[in-house]
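J.: The structure file query.cif (mmCIF, C-alpha atoms and all ligand atoms) is provided below.
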```
data_coords
loop_
_atom_site.label_atom_id
_atom_site.label_comp_id
_atom_site.auth_asym_id
_atom_site.auth_seq_id
_atom_site.Cartn_x
_atom_site.Cartn_y
_atom_site.Cartn_z
CA MET A 1387 75.65 -94.04 59.44
CA ASP A 1388 72.56 -93.45 57.34
CA SER A 1389 73.23 -94.10 53.68
CA ARG A 1390 69.72 -93.34 52.44
CA PRO A 1391 69.71 -90.58 49.80
CA ILE A 1392 68.67 -86.96 50.30
CA GLY A 1393 65.69 -86.16 48.07
CA VAL A 1394 65.95 -82.87 46.18
CA PHE A 1395 63.48 -81.49 43.64
CA ASP A 1396 62.53 -78.51 41.53
CA SER A 1397 60.35 -77.78 38.51
CA GLY A 1398 63.40 -78.36 36.30
CA VAL A 1399 67.14 -77.69 36.30
CA GLY A 1400 67.10 -74.79 38.79
CA GLY A 1401 67.28 -76.96 41.89
CA LEU A 1402 70.51 -78.42 40.59
CA THR A 1403 72.19 -75.27 41.94
CA VAL A 1404 71.14 -76.46 45.40
CA ALA A 1405 72.07 -80.10 44.65
CA ARG A 1406 75.54 -78.89 43.57
CA ALA A 1407 76.03 -77.04 46.86
CA ILE A 1408 74.94 -80.14 48.82
CA MET A 1409 77.41 -82.29 46.84
CA ASP A 1410 80.18 -79.76 47.52
CA GLN A 1411 79.50 -79.46 51.25
CA LEU A 1412 78.52 -83.10 51.85
CA PRO A 1413 80.39 -85.20 49.29
CA SER A 1414 79.60 -88.50 51.03
CA GLU A 1415 75.83 -88.10 50.75
CA SER A 1416 73.74 -89.85 48.12
CA ILE A 1417 71.22 -87.67 46.31
CA THR A 1418 68.06 -88.45 44.38
CA TYR A 1419 67.05 -85.43 42.28
CA ILE A 1420 63.78 -84.94 40.42
CA GLY A 1421 63.18 -82.17 37.88
CA ASP A 1422 59.44 -81.83 37.31
CA THR A 1423 60.00 -80.91 33.67
CA ALA A 1424 56.57 -82.21 32.65
CA HIS A 1425 55.08 -79.27 34.59
CA THR A 1426 57.76 -76.58 34.35
CA PRO A 1427 57.51 -73.63 34.79
CA TYR A 1428 55.78 -73.49 38.17
CA GLY A 1429 55.97 -69.68 38.32
CA PRO A 1430 52.82 -68.86 36.29
CA LEU A 1431 50.71 -71.55 38.02
CA PRO A 1432 48.34 -71.01 40.97
CA LEU A 1433 50.02 -72.06 44.23
CA ALA A 1434 47.37 -74.77 44.72
CA LYS A 1435 48.56 -76.49 41.53
CA VAL A 1436 52.23 -76.17 42.52
CA ARG A 1437 51.33 -77.68 45.91
CA GLU A 1438 49.72 -80.66 44.19
CA TYR A 1439 52.71 -81.31 41.90
CA ALA A 1440 55.18 -80.85 44.75
CA LEU A 1441 53.36 -83.27 47.05
CA ASP A 1442 53.25 -85.90 44.27
CA ILE A 1443 57.00 -85.61 43.84
CA MET A 1444 57.72 -85.69 47.57
CA ASP A 1445 55.47 -88.74 47.97
CA ALA A 1446 57.50 -90.46 45.22
CA LEU A 1447 60.81 -89.51 46.86
CA VAL A 1448 59.61 -90.76 50.25
CA ALA A 1449 58.44 -94.04 48.68
CA HIS A 1450 61.92 -94.27 47.09
CA GLY A 1451 63.39 -94.19 50.61
CA VAL A 1452 64.94 -90.74 51.11
CA LYS A 1453 66.01 -89.62 54.60
CA MET A 1454 65.39 -85.92 54.03
CA LEU A 1455 63.53 -83.71 51.54
CA VAL A 1456 64.92 -80.47 50.11
CA ILE A 1457 62.40 -78.33 48.26
CA ALA A 1458 64.97 -76.74 45.95
CA CYS A 1459 62.39 -74.39 44.49
CA ASN A 1460 61.19 -71.08 45.90
CA THR A 1461 57.77 -71.35 44.29
CA ALA A 1462 57.15 -74.79 45.81
CA THR A 1463 58.61 -73.63 49.14
CA ALA A 1464 56.08 -70.78 49.16
CA ALA A 1465 53.29 -73.19 48.19
CA VAL A 1466 53.82 -76.15 50.47
CA LEU A 1467 56.74 -76.00 52.96
CA ALA A 1468 54.68 -75.83 56.18
CA GLU A 1469 52.29 -78.56 55.04
CA ALA A 1470 55.15 -80.81 53.86
CA GLN A 1471 56.92 -80.41 57.21
CA GLU A 1472 53.81 -81.58 58.99
CA ARG A 1473 53.16 -84.43 56.57
CA TYR A 1474 56.67 -85.89 56.29
CA ASP A 1475 58.59 -84.69 59.34
CA GLY A 1476 55.66 -84.73 61.75
CA GLU A 1477 54.34 -88.11 60.66
CA LEU A 1478 57.39 -89.97 59.29
CA GLY A 1479 60.41 -88.26 60.85
CA ILE A 1480 61.71 -87.12 57.45
CA PRO A 1481 62.92 -83.51 57.78
CA VAL A 1482 61.85 -81.08 55.04
CA LEU A 1483 63.86 -77.98 54.14
CA GLY A 1484 62.94 -75.05 51.90
CA VAL A 1485 65.07 -72.38 50.23
CA ILE A 1486 63.42 -69.11 51.29
CA ASP A 1487 64.56 -68.79 54.93
CA PRO A 1488 68.21 -69.59 54.07
CA ALA A 1489 68.29 -66.86 51.39
CA VAL A 1490 66.71 -64.34 53.73
CA ARG A 1491 69.21 -65.15 56.48
CA ARG A 1492 72.10 -64.55 54.10
CA ALA A 1493 70.59 -61.30 52.74
CA VAL A 1494 70.10 -59.91 56.25
CA SER A 1495 73.75 -60.47 57.06
CA ALA A 1496 74.94 -59.15 53.68
CA THR A 1497 73.14 -55.80 53.48
CA THR A 1498 74.88 -52.68 54.71
CA SER A 1499 72.10 -50.25 53.78
CA GLY A 1500 68.86 -52.09 54.64
CA ARG A 1501 67.73 -51.81 51.01
CA ILE A 1502 67.25 -55.35 49.73
CA GLY A 1503 65.85 -56.54 46.41
CA VAL A 1504 64.13 -59.87 45.81
CA ILE A 1505 63.57 -61.33 42.35
CA GLY A 1506 61.52 -64.47 41.78
CA THR A 1507 58.74 -66.07 39.82
CA GLN A 1508 55.33 -64.44 39.61
CA ALA A 1509 53.91 -67.02 42.04
CA THR A 1510 56.69 -66.50 44.60
CA ILE A 1511 56.43 -62.71 44.48
CA ASN A 1512 52.60 -62.80 44.65
CA SER A 1513 52.74 -65.18 47.64
CA ARG A 1514 54.62 -62.53 49.68
CA ALA A 1515 56.57 -65.40 51.24
CA TYR A 1516 59.77 -63.31 51.18
CA PRO A 1517 58.46 -60.24 53.06
CA ALA A 1518 56.94 -62.68 55.59
CA ALA A 1519 60.30 -64.45 55.97
CA PHE A 1520 62.14 -61.13 56.55
CA GLU A 1521 59.70 -60.38 59.37
CA LYS A 1522 61.08 -63.41 61.20
CA TYR A 1523 64.38 -61.52 61.62
CA PRO A 1524 63.61 -58.69 64.06
CA GLU A 1525 67.34 -57.97 64.32
CA ALA A 1526 67.23 -56.81 60.71
CA TYR A 1527 64.57 -54.25 61.60
CA GLU A 1528 66.53 -53.22 64.71
CA ALA A 1529 69.63 -52.58 62.59
CA TYR A 1530 67.62 -50.98 59.77
CA PRO A 1531 64.29 -49.61 61.08
CA ASP A 1532 63.45 -48.55 57.52
CA LEU A 1533 64.36 -51.93 56.05
CA GLU A 1534 63.05 -51.78 52.52
CA ILE A 1535 62.30 -54.88 50.46
CA THR A 1536 61.76 -54.28 46.75
CA SER A 1537 60.27 -57.36 45.07
CA VAL A 1538 60.16 -57.89 41.31
CA ALA A 1539 58.87 -60.87 39.32
CA CYS A 1540 61.04 -61.90 36.36
CA PRO A 1541 58.75 -64.34 34.53
CA ALA A 1542 60.94 -64.88 31.44
CA PHE A 1543 64.07 -65.98 33.31
CA VAL A 1544 63.08 -69.61 34.01
CA GLN A 1545 62.28 -70.40 30.39
CA LEU A 1546 65.59 -68.84 29.26
CA VAL A 1547 67.46 -71.20 31.61
CA GLU A 1548 65.35 -74.23 30.65
CA HIS A 1549 66.29 -73.48 27.03
CA GLY A 1550 69.96 -73.26 27.97
CA ILE A 1551 70.21 -69.50 27.32
CA THR A 1552 72.13 -68.03 30.25
CA ALA A 1553 74.29 -65.16 28.94
CA GLY A 1554 74.56 -62.52 26.22
CA PRO A 1555 72.82 -59.35 25.03
CA HIS A 1556 69.34 -60.89 24.93
CA VAL A 1557 69.51 -62.03 28.57
CA GLN A 1558 70.88 -58.61 29.57
CA ARG A 1559 68.05 -56.83 27.74
CA VAL A 1560 65.43 -58.98 29.47
CA ALA A 1561 67.11 -58.34 32.84
CA SER A 1562 67.29 -54.56 32.21
CA GLY A 1563 63.58 -54.61 31.43
CA TYR A 1564 62.86 -56.00 34.91
CA PHE A 1565 65.45 -54.28 37.08
CA GLY A 1566 64.30 -50.61 36.92
CA PRO A 1567 62.57 -50.65 40.35
CA LEU A 1568 65.61 -52.35 41.95
CA LEU A 1569 68.05 -49.78 40.54
CA GLU A 1570 65.72 -46.96 41.51
CA ALA A 1571 65.49 -48.31 45.09
CA GLU A 1572 69.33 -48.48 45.16
CA VAL A 1573 69.35 -51.97 46.65
CA ASP A 1574 72.79 -53.12 47.83
CA THR A 1575 71.77 -56.78 48.08
CA LEU A 1576 69.71 -58.79 45.63
CA VAL A 1577 68.16 -62.14 46.58
CA LEU A 1578 68.00 -64.56 43.65
CA GLY A 1579 64.64 -65.86 44.86
CA CYS A 1580 64.37 -68.63 42.28
CA THR A 1581 66.83 -71.48 42.11
CA HIS A 1582 67.14 -71.09 38.33
CA TYR A 1583 68.54 -67.57 38.69
CA PRO A 1584 72.08 -68.41 39.90
CA LEU A 1585 72.54 -69.84 36.40
CA LEU A 1586 71.97 -66.29 35.10
CA GLN A 1587 74.06 -64.54 37.72
CA GLY A 1588 76.72 -63.35 35.27
CA ALA A 1589 74.11 -61.34 33.38
CA ILE A 1590 72.19 -60.33 36.52
CA GLY A 1591 75.39 -59.06 38.20
CA TYR A 1592 76.45 -57.23 35.02
CA VAL A 1593 73.14 -55.37 34.77
CA MET A 1594 72.82 -54.60 38.51
CA GLY A 1595 76.42 -53.40 38.87
CA GLU A 1596 79.36 -54.74 40.83
CA HIS A 1597 78.44 -52.95 44.10
CA VAL A 1598 75.32 -55.14 44.48
CA THR A 1599 75.77 -58.41 46.40
CA LEU A 1600 73.88 -61.29 44.82
CA VAL A 1601 72.48 -63.79 47.32
CA SER A 1602 71.64 -67.31 46.25
CA SER A 1603 70.03 -69.80 48.59
CA ALA A 1604 72.12 -72.76 47.42
CA ASP A 1605 75.09 -72.63 49.81
CA GLU A 1606 73.00 -71.53 52.77
CA THR A 1607 70.44 -74.30 52.15
CA ALA A 1608 73.26 -76.87 52.02
CA ARG A 1609 74.36 -75.57 55.43
CA ASP A 1610 70.84 -76.21 56.72
CA VAL A 1611 71.07 -79.75 55.30
CA TYR A 1612 74.32 -80.23 57.26
CA ARG A 1613 72.68 -78.92 60.44
CA GLN A 1614 69.72 -81.29 60.08
CA LEU A 1615 71.99 -84.28 59.44
CA ALA A 1616 74.04 -83.34 62.51
CA GLU A 1617 70.99 -82.84 64.74
CA HIS A 1618 69.42 -86.14 63.67
CA ASP A 1619 72.70 -88.04 63.58
CA MET A 1620 72.00 -89.00 59.97
CA PHE A 1621 75.33 -88.55 58.20
CA SER A 1622 76.40 -90.97 55.52
CA HIS A 1623 80.07 -91.90 55.18
CA GLN A 1624 79.88 -93.56 51.78
CA THR A 1625 83.01 -93.48 49.65
CA GLU A 1626 80.87 -93.97 46.55
CA PRO A 1627 77.63 -92.06 47.09
CA VAL A 1628 74.87 -92.69 44.58
CA ARG A 1629 73.60 -89.64 42.70
CA GLU A 1630 70.50 -90.21 40.63
CA PHE A 1631 68.79 -87.65 38.43
CA TYR A 1632 65.24 -88.05 37.15
CA ALA A 1633 62.90 -85.94 35.06
CA THR A 1634 59.11 -86.22 34.93
CA GLY A 1635 59.33 -85.08 31.28
CA ASP A 1636 61.84 -86.06 28.60
CA PRO A 1637 65.10 -87.17 30.30
CA GLY A 1638 66.84 -86.88 26.91
CA SER A 1639 66.72 -83.10 27.00
CA PHE A 1640 67.08 -82.77 30.80
CA GLY A 1641 70.33 -84.78 31.06
CA PRO A 1642 72.61 -82.79 28.74
CA LEU A 1643 71.39 -79.46 30.13
CA ALA A 1644 71.87 -80.67 33.71
CA ARG A 1645 75.40 -81.88 32.89
CA ARG A 1646 76.24 -78.53 31.33
CA PHE A 1647 75.04 -76.68 34.40
CA ILE A 1648 76.48 -78.77 37.21
CA GLY A 1649 78.95 -81.12 35.60
CA PRO A 1650 79.48 -84.80 34.94
CA ASP A 1651 78.05 -85.88 38.33
CA VAL A 1652 74.68 -85.95 36.62
CA GLY A 1653 75.77 -88.94 34.57
CA TYR A 1654 72.70 -89.85 32.67
CA ALA A 1655 69.18 -88.74 33.56
CA ARG A 1656 66.23 -91.12 33.72
CA SER A 1657 62.49 -90.84 33.56
CA THR A 1658 60.68 -90.85 36.92
CA LYS A 1659 58.81 -93.89 35.53
CA GLU A 1660 62.01 -95.77 36.38
CA LEU A 1661 62.13 -94.52 39.98
CA ASP A 1662 62.19 -97.54 42.30
CA GLN A 1663 59.58 -97.41 44.98
N1 LIG A 1701 63.27 -72.88 40.33
C1 LIG A 1701 61.99 -72.59 40.81
C2 LIG A 1701 61.91 -71.55 41.87
O1 LIG A 1701 62.86 -71.45 42.62
C3 LIG A 1701 60.81 -72.74 39.88
C4 LIG A 1701 60.75 -71.85 38.72
C5 LIG A 1701 59.59 -72.16 37.82
O2 LIG A 1701 59.38 -73.32 37.50
O3 LIG A 1701 58.89 -71.20 37.43
O4 LIG A 1701 60.94 -70.87 42.03
#
```
Have the structure of the file written as structure tokens, please.
Ligand code: DGL

T.:
Amino acid sequence: MDSRPIGVFDSGVGGLTVARAIMDQLPSESITYIGDTAHTPYGPLPLAKVREYALDIMDALVAHGVKMLVIACNTATAAVLAEAQERYDGELGIPVLGVIDPAVRRAVSATTSGRIGVIGTQATINSRAYPAAFEKYPEAYEAYPDLEITSVACPAFVQLVEHGITAGPHVQRVASGYFGPLLEAEVDTLVLGCTHYPLLQGAIGYVMGEHVTLVSSADETARDVYRQLAEHDMFSHQTEPVREFYATGDPGSFGPLARRFIGPDVGYARSTKELDQ
């Protein structure tokens, strides 16, 4: 029995989609979540800056006593996953998971045409972390020798979500403005390569059409969390797990939005200045 919390973070509310999936699949686990709202959005920043912010947050979560780190952000996964694994898992035995490989795994098993779309922040798309992750699945190229990945950055999406705007004609218009290359490529599977995007999936699915399978990394990442807990014999069996939500910016605006998106589990959000270390 290991009742230490799982540390989860993102630039803002997006990573809550991953936290929700972890709570659903592992309801006895405690979670400490940080939204780096003082620095959101990460997408337009250089990866070196995202790396710096992400390491600060992971250092704080480790000092707080987490047993595992989940980088619930594609941009930060692209920026720092390998380094974080070395720094925390290699040196301290704290496993670190990202969200890109889980999404790719799901997309590879979902496609029936080999034409896959990826949408994400500008930084994630520029990093080419997704095409590199697909290359790790040779079976996908065996099944579809012409496997085609069409990647599109959707820079306005994160700010829409952070402002609580997730549906309606405006969101659909913004989505239509981005999705031309995906529709032209006739993708049958679309990876929501930013953890904010599942909160827009009604509009994204409406614009892409019902024949397109939307892949979010949340459920698949939670399955990776399960696997890690099993392999390290780290399960918690708490009947009253502790779920704490912190924001580096104003917790007063983060809390209500977070509750709206993932429900009353959020309780009330606090400033990271109150994070015990
Ligand atoms: N939710 C994040 C991601 O998955 C970050 C988005 C942002 O802050 O631009 O990339």

J.: List all protein, DNA and RNA residues that have any atom at most 8 Å from ligand LIG 1701 (chain A), counting only C-alpha atoms and all ligand atoms, and write the list as JSON, numbers by chain.

T.: {"A": [1396, 1397, 1398, 1399, 1400, 1401, 1425, 1426, 1427, 1428, 1429, 1430, 1458, 1459, 1460, 1461, 1462, 1463, 1485, 1506, 1507, 1508, 1509, 1510, 1541, 1544, 1545, 1579, 1580, 1581, 1582, 1583]}

J.: Would you save the residues of that selection, restricted to C-alpha atoms, as a PDB file, in the coordinates of the input?

T.:
```pdb
ATOM      1  CA  ASP A1396      62.530 -78.510  41.530  1.00  0.00           C
ATOM      2  CA  SER A1397      60.350 -77.780  38.510  1.00  0.00           C
ATOM      3  CA  GLY A1398      63.400 -78.360  36.300  1.00  0.00           C
ATOM      4  CA  VAL A1399      67.140 -77.690  36.300  1.00  0.00           C
ATOM      5  CA  GLY A1400      67.100 -74.790  38.790  1.00  0.00           C
ATOM      6  CA  GLY A1401      67.280 -76.960  41.890  1.00  0.00           C
ATOM      7  CA  HIS A1425      55.080 -79.270  34.590  1.00  0.00           C
ATOM      8  CA  THR A1426      57.760 -76.580  34.350  1.00  0.00           C
ATOM      9  CA  PRO A1427      57.510 -73.630  34.790  1.00  0.00           C
ATOM     10  CA  TYR A1428      55.780 -73.490  38.170  1.00  0.00           C
ATOM     11  CA  GLY A1429      55.970 -69.680  38.320  1.00  0.00           C
ATOM     12  CA  PRO A1430      52.820 -68.860  36.290  1.00  0.00           C
ATOM     13  CA  ALA A1458      64.970 -76.740  45.950  1.00  0.00           C
ATOM     14  CA  CYS A1459      62.390 -74.390  44.490  1.00  0.00           C
ATOM     15  CA  ASN A1460      61.190 -71.080  45.900  1.00  0.00           C
ATOM     16  CA  THR A1461      57.770 -71.350  44.290  1.00  0.00           C
ATOM     17  CA  ALA A1462      57.150 -74.790  45.810  1.00  0.00           C
ATOM     18  CA  THR A1463      58.610 -73.630  49.140  1.00  0.00           C
ATOM     19  CA  VAL A1485      65.070 -72.380  50.230  1.00  0.00           C
ATOM     20  CA  GLY A1506      61.520 -64.470  41.780  1.00  0.00           C
ATOM     21  CA  THR A1507      58.740 -66.070  39.820  1.00  0.00           C
ATOM     22  CA  GLN A1508      55.330 -64.440  39.610  1.00  0.00           C
ATOM     23  CA  ALA A1509      53.910 -67.020  42.040  1.00  0.00           C
ATOM     24  CA  THR A1510      56.690 -66.500  44.600  1.00  0.00           C
ATOM     25  CA  PRO A1541      58.750 -64.340  34.530  1.00  0.00           C
ATOM     26  CA  VAL A1544      63.080 -69.610  34.010  1.00  0.00           C
ATOM     27  CA  GLN A1545      62.280 -70.400  30.390  1.00  0.00           C
ATOM     28  CA  GLY A1579      64.640 -65.860  44.860  1.00  0.00           C
ATOM     29  CA  CYS A1580      64.370 -68.630  42.280  1.00  0.00           C
ATOM     30  CA  THR A1581      66.830 -71.480  42.110  1.00  0.00           C
ATOM     31  CA  HIS A1582      67.140 -71.090  38.330  1.00  0.00           C
ATOM     32  CA  TYR A1583      68.540 -67.570  38.690  1.00  0.00           C
TER      33      TYR A1583
END
```

J.: Given all atoms listed in the file as the basis, pick out the residue of A:Glu1528, A:Asp1636, A:Glu1548, A:Asp1610 nearest to Ala1489 in chain A.

T.: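 Of A:Glu1528, A:Asp1636, A:Glu1548, A:Asp1610, the one nearest Ala1489 in chain A, counting all atoms listed in the file, is A:Asp1610.
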
J.: Compare A:Val1504, A:Met1409, A:Ala1515, A:Val1547 by their minimum atom-to-atom distance to Leu1433 in chain A, counting only C-alpha atoms, and give me the closest one.

T.: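 Checking each candidate against Leu1433 in chain A, we get A:Ala1515 as the closest.
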
J.: If we count all atoms listed in the file, what is near Ala1407 in chain A at a cut-off of 8 Å, once residues fewer than 2 positions away on the same chain are taken out, given as number ranges by chain?

T.: A: 1403-1405, 1409-1411, 1604-1605, 1608

J.: Quick check, in Å to one decimal: how far apart do CA of Cys1540 in chain A and CA of Gly1563 in chain A lie?

T.: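 These two atoms are separated by 9.2 Å.
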
J.: Could you tell me how far CA of Val1573 in chain A lies from CA of Phe1543 in chain A, in Å and to one decimal?

T.: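 CA of Val1573 in chain A sits 20.1 Å away from CA of Phe1543 in chain A.
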
J.: Within 12 Å of Ile1551 in chain A, counting only C-alpha atoms, which residues show up once you throw out same-chain ones fewer than 5 positions away? Write them as a list of chain:residue names, please.

T.: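 Residues near the query, excluding close chain neighbours: A:Ala1542, A:Phe1543, A:Val1544, A:Gln1545, A:Leu1546, A:His1556, A:Val1557, A:Gln1558, A:Val1560, A:His1582, A:Tyr1583, A:Leu1585, A:Leu1586, A:Gly1588, A:Ala1589, A:Leu1643, A:Arg1646, A:Phe1647.
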
J.: For Leu1447 in chain A, find every residue with an atom within 9 Å (counting all atoms listed in the file), except residues of its own chain fewer than 3 positions away, and show them as a list of chain:residue names.

T.: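 The filter keeps A:Ile1392, A:Gly1393, A:Val1394, A:Thr1418, A:Tyr1419, A:Ile1420, A:Asp1442, A:Ile1443, A:Met1444, A:His1450, A:Gly1451, A:Val1452, A:Leu1455, A:Leu1661, A:Gln1663.
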